[in-house]
Each structure stands twice: as C-alpha cells, then as structure tokens.
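> Could you have a look at this structure, given as structure tokens, before my questions?
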Amino acid sequence: GVRPGLAASGAGDGGDVGAGGVESVQAALAGALRRIAALEAQVAAGGLVPQYGAEAETILQDARRKAGATAGPEVERAVDGALHALFLKQVAIVGQQVASKFEGADGRETPILADELFLAEVEELKRPGSGWSFERERGLLHARVEGGLRHRASLVEERARAARLQQVTIDVISGMQDKMQKLAEKVQGARSGGGPLGFS
C-alpha cells in the first residue's frame, strides 16, 4: 500500500511517487547505472562505444519512462550526469587517437584535417539534443597538433641552419686547401729554379 506520510500528503495520487514509486525510481536508476557500468568497462579497456550518443539517449529514455512522470526529470538529470562523464572520457580518447594520427604530419592543412576527424568521431558520441560540450578537448587537440607543427618547423629550421653552417665550413676549408696548394706550387717552383716565391 501507500506509505502513511505519502498518503497524507496526497503524493500517492495520480502520477506522483506513491506505492511502488520509490521502488520504480530506484529500479530505474539501478538499471540505468548497470547499463552505464557495462559501457564504462568497455571505455576503461581503451575502447569507444559505437554510436554512444544513440545508446545514451536510449538509456536515458528508458530510465525516465521507468521512473514515472513525477520522478522522471530528476532521474534524467542523475542518469545524464553519469552518461556525460562517460562521454567526456571517450572524447579524451578520441583526442589522443587523432593527435597520434597527426603526430608526424606537416602542412598548413594538418590542424584543419585533425579537427575535422575529431568532430566526425565525437559527433556520434554526443547524445542527441543534449548540451554536452567538447570544446575544451577540441582546444587541447588543436594546441597539441599546432605545438607539434611548431616543434617540427623549429627542427627543420635548426637542420637547415646546421646544413648552412656545414657548407660555410666546407667552403672555408676548401678555400684554405686551394691557398695551401698554390703555396705548395710556388715553393716547388722556387726549389726547382722557377723564380722567386713572390713574398715581399
């Protein structure tokens, strides 16, 4: 039956939480959290949940329906919070995977291509109609890709500078060898009676 406190307040009437209402809310939450825990295990193993956004929406709708009209919105907030946390974990994994794919890439298009791939991968993770944001993770990916490009550019510049320095060194040594060769020829000519050394 209806618990005395709820009956006196009229809370057991209509769609309010009444007899079995608390149990249905608990069952709705427990069922949703079990399903989320299974998905979390998949993510913890380093995987992504295919079509996570659609799956999250299904879990949320089922929990809301099982909780009933009155408790549905509160159950929805609790379940959405757990689903959102799992979404963010997956977004971080996608960011790492995309950054790794573009780790050695060069070119002006690299940040754009990385961003496009990131957005395509993350979009199917987002629950339809949710306010879930991934801008922070997107910014981190952009910074990582840009940082890699700057680092590689500085390495290329350093190599070019080292090559120029090496060429200057080769030119100086070559010039010194030419002068020593000419001097040796003059000394040889002077010894064989070819004339003065040309020193003043």
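Chain labels follow the order of the structure tokens: the first chain is A, the next B, and so on; residue numbering restarts at 1 in every chain, and ligands are counted from 1 in their shown order.
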Near Val98 of chain A, counting only C-alpha atoms, which residues have an atom at most 7 Å away, once you skip same-chain residues fewer than 3 positions from it, shown as number ranges by chain?
A: 94-95, 101-102, 114, 118
> Go ahead and save the residues from that selection, with N, CA and C atoms, as a compact mmCIF listing (two decimals), in the first residue's frame.

# COMPACT_ATOMS: atom_id res chain seq x y z
N VAL A 94 39.36 9.95 -28.02
CA VAL A 94 39.34 10.36 -29.43
C VAL A 94 40.41 11.43 -29.67
N GLY A 95 40.50 12.40 -28.76
CA GLY A 95 41.52 13.45 -28.90
C GLY A 95 42.92 12.87 -28.95
N LYS A 101 47.50 10.25 -34.71
CA LYS A 101 47.45 10.08 -36.17
C LYS A 101 48.17 11.22 -36.89
N PHE A 102 48.14 12.40 -36.31
CA PHE A 102 48.71 13.58 -36.96
C PHE A 102 50.06 13.98 -36.36
N ALA A 114 42.88 17.43 -38.73
CA ALA A 114 42.77 16.84 -37.39
C ALA A 114 41.44 17.24 -36.75
N PHE A 118 38.38 14.76 -35.68
CA PHE A 118 37.92 14.81 -34.29
C PHE A 118 36.41 15.04 -34.23
> Within segment 13-175 of chain A, find each residue whose DSSP state, derived from the backbone, is helix (DSSP H, G or I), and express the selection as a PyMOL selection string.
chain A and resi 21-44+52-67+72-101+110-123+135-175
> So that I can see what lies close to Val49 of chain A, please list as a list of chain:residue names the residues with an atom at most 9 Å from it, counting only C-alpha atoms and leaving out residues fewer than 3 positions away in the same chain.
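Residues meeting the cut-off are A:Leu39, A:Glu40, A:Gln42, A:Val43, A:Tyr52, A:Gly53, A:Glu55, A:Gln90, A:Leu125.
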> For the selection you just gave me, I'd like the residues written to a file as an mmCIF file, in the first residue's frame, keeping all heavy atoms.

data_model
loop_
_atom_site.group_PDB
_atom_site.id
_atom_site.type_symbol
_atom_site.label_atom_id
_atom_site.label_comp_id
_atom_site.auth_asym_id
_atom_site.auth_seq_id
_atom_site.Cartn_x
_atom_site.Cartn_y
_atom_site.Cartn_z
ATOM 1 N N LEU A 39 29.110 -0.104 -20.160
ATOM 2 C CA LEU A 39 29.744 0.748 -21.170
ATOM 3 C C LEU A 39 31.063 1.315 -20.645
ATOM 4 O O LEU A 39 32.038 1.430 -21.387
ATOM 5 C CB LEU A 39 28.805 1.882 -21.575
ATOM 6 C CG LEU A 39 27.472 1.461 -22.217
ATOM 7 C CD1 LEU A 39 26.610 2.682 -22.487
ATOM 8 C CD2 LEU A 39 27.706 0.660 -23.475
ATOM 9 N N GLU A 40 31.072 1.657 -19.355
ATOM 10 C CA GLU A 40 32.291 2.184 -18.732
ATOM 11 C C GLU A 40 33.425 1.173 -18.785
ATOM 12 O O GLU A 40 34.577 1.529 -18.992
ATOM 13 C CB GLU A 40 32.009 2.575 -17.272
ATOM 14 C CG GLU A 40 32.145 4.043 -17.050
ATOM 15 C CD GLU A 40 31.796 4.447 -15.632
ATOM 16 O OE1 GLU A 40 30.864 3.865 -15.042
ATOM 17 O OE2 GLU A 40 32.459 5.356 -15.135
ATOM 18 N N GLN A 42 33.903 -1.035 -21.046
ATOM 19 C CA GLN A 42 34.391 -1.024 -22.429
ATOM 20 C C GLN A 42 35.348 0.148 -22.652
ATOM 21 O O GLN A 42 36.401 0.002 -23.268
ATOM 22 C CB GLN A 42 33.198 -0.935 -23.385
ATOM 23 C CG GLN A 42 33.541 -1.099 -24.834
ATOM 24 C CD GLN A 42 32.285 -1.116 -25.706
ATOM 25 O OE1 GLN A 42 31.187 -1.360 -25.239
ATOM 26 N NE2 GLN A 42 32.464 -0.856 -26.985
ATOM 27 N N VAL A 43 34.985 1.313 -22.131
ATOM 28 C CA VAL A 43 35.822 2.506 -22.280
ATOM 29 C C VAL A 43 37.105 2.369 -21.461
ATOM 30 O O VAL A 43 38.188 2.734 -21.919
ATOM 31 C CB VAL A 43 35.038 3.778 -21.884
ATOM 32 C CG1 VAL A 43 35.934 5.000 -21.856
ATOM 33 C CG2 VAL A 43 33.872 3.991 -22.849
ATOM 34 N N TYR A 52 27.610 5.792 -29.334
ATOM 35 C CA TYR A 52 27.366 6.063 -27.907
ATOM 36 C C TYR A 52 26.224 7.060 -27.700
ATOM 37 O O TYR A 52 25.418 6.901 -26.788
ATOM 38 C CB TYR A 52 28.637 6.569 -27.227
ATOM 39 C CG TYR A 52 28.406 6.926 -25.774
ATOM 40 C CD1 TYR A 52 28.256 5.936 -24.814
ATOM 41 C CD2 TYR A 52 28.301 8.253 -25.369
ATOM 42 C CE1 TYR A 52 28.020 6.254 -23.482
ATOM 43 C CE2 TYR A 52 28.066 8.575 -24.039
ATOM 44 C CZ TYR A 52 27.936 7.580 -23.095
ATOM 45 O OH TYR A 52 27.699 7.893 -21.782
ATOM 46 N N GLY A 53 26.148 8.082 -28.528
ATOM 47 C CA GLY A 53 25.103 9.088 -28.363
ATOM 48 C C GLY A 53 23.716 8.487 -28.411
ATOM 49 O O GLY A 53 22.859 8.778 -27.567
ATOM 50 N N GLU A 55 22.952 5.300 -27.940
ATOM 51 C CA GLU A 55 22.837 4.384 -26.797
ATOM 52 C C GLU A 55 22.531 5.173 -25.515
ATOM 53 O O GLU A 55 21.686 4.765 -24.709
ATOM 54 C CB GLU A 55 24.127 3.573 -26.636
ATOM 55 C CG GLU A 55 24.114 2.604 -25.492
ATOM 56 C CD GLU A 55 23.157 1.441 -25.665
ATOM 57 O OE1 GLU A 55 22.755 1.145 -26.808
ATOM 58 O OE2 GLU A 55 22.790 0.819 -24.651
ATOM 59 N N GLN A 90 35.404 9.377 -23.316
ATOM 60 C CA GLN A 90 35.577 8.930 -24.703
ATOM 61 C C GLN A 90 36.101 10.049 -25.591
ATOM 62 O O GLN A 90 36.922 9.811 -26.483
ATOM 63 C CB GLN A 90 34.252 8.391 -25.247
ATOM 64 C CG GLN A 90 33.827 7.110 -24.559
ATOM 65 C CD GLN A 90 32.534 6.591 -25.118
ATOM 66 O OE1 GLN A 90 32.540 5.868 -26.092
ATOM 67 N NE2 GLN A 90 31.425 7.004 -24.500
ATOM 68 N N LEU A 125 29.337 10.286 -30.642
ATOM 69 C CA LEU A 125 29.375 10.028 -29.199
ATOM 70 C C LEU A 125 28.404 10.929 -28.433
ATOM 71 O O LEU A 125 28.028 10.628 -27.309
ATOM 72 C CB LEU A 125 30.791 10.251 -28.658
ATOM 73 C CG LEU A 125 31.898 9.359 -29.205
ATOM 74 C CD1 LEU A 125 33.253 9.804 -28.646
ATOM 75 C CD2 LEU A 125 31.638 7.910 -28.869
#
> So which one's closest to Ala82 of chain A, A:Leu113, A:Thr169, A:Ala32, A:Ala63? Using only C-alpha atoms, please.
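Closest residue, counting only C-alpha atoms: A:Ala32.
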> Can you work out which one of A:Ile93, A:Leu117, A:Val75, A:Leu33 has the shortest atom-to-atom distance to Leu48 of chain A, counting only C-alpha atoms?
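Once distances to Leu48 of chain A are computed over only C-alpha atoms, the minimum belongs to A:Ile93.
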> At a cut-off of 8 Å, using only C-alpha atoms, what residues contact segment 119-123 of chain A? Leave out same-chain residues fewer than 3 positions from it and give the result as a PyMOL selection string.
chain A and resi 91+94+115-116+126
> At a cut-off of 8 Å, using only C-alpha atoms, what residues contact Ala67 of chain A? Leave out same-chain residues fewer than 5 positions from it and give the result as a ChimeraX atom specification.
/A:21,24-29,72,75
> As an exercise, work out the distance from atom CA of Lys89 of chain A to atom CA of Glu109 of chain A in Å and give it to one decimal place.
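Going from atom CA of Lys89 of chain A over to atom CA of Glu109 of chain A, I get 27.1 Å.
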> Compare A:Leu141, A:Gly47, A:Gln167, A:His84 by their minimum atom-to-atom distance to Glu103 of chain A, counting only C-alpha atoms, and give me the closest one.
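Among the listed residues, the smallest separation from Glu103 of chain A belongs to A:Leu141.
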> A:Glu74, A:Pro128, A:Ala92, A:Phe87: which is nearest Glu57 of chain A, counting only C-alpha atoms?
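Closest residue, counting only C-alpha atoms: A:Pro128.
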> In terms of the shortest atom-to-atom distance over only C-alpha atoms, which of A:Ala45, A:Val79, A:Ala30, A:Ala54 is closest to Gly129 of chain A?
A:Ala54
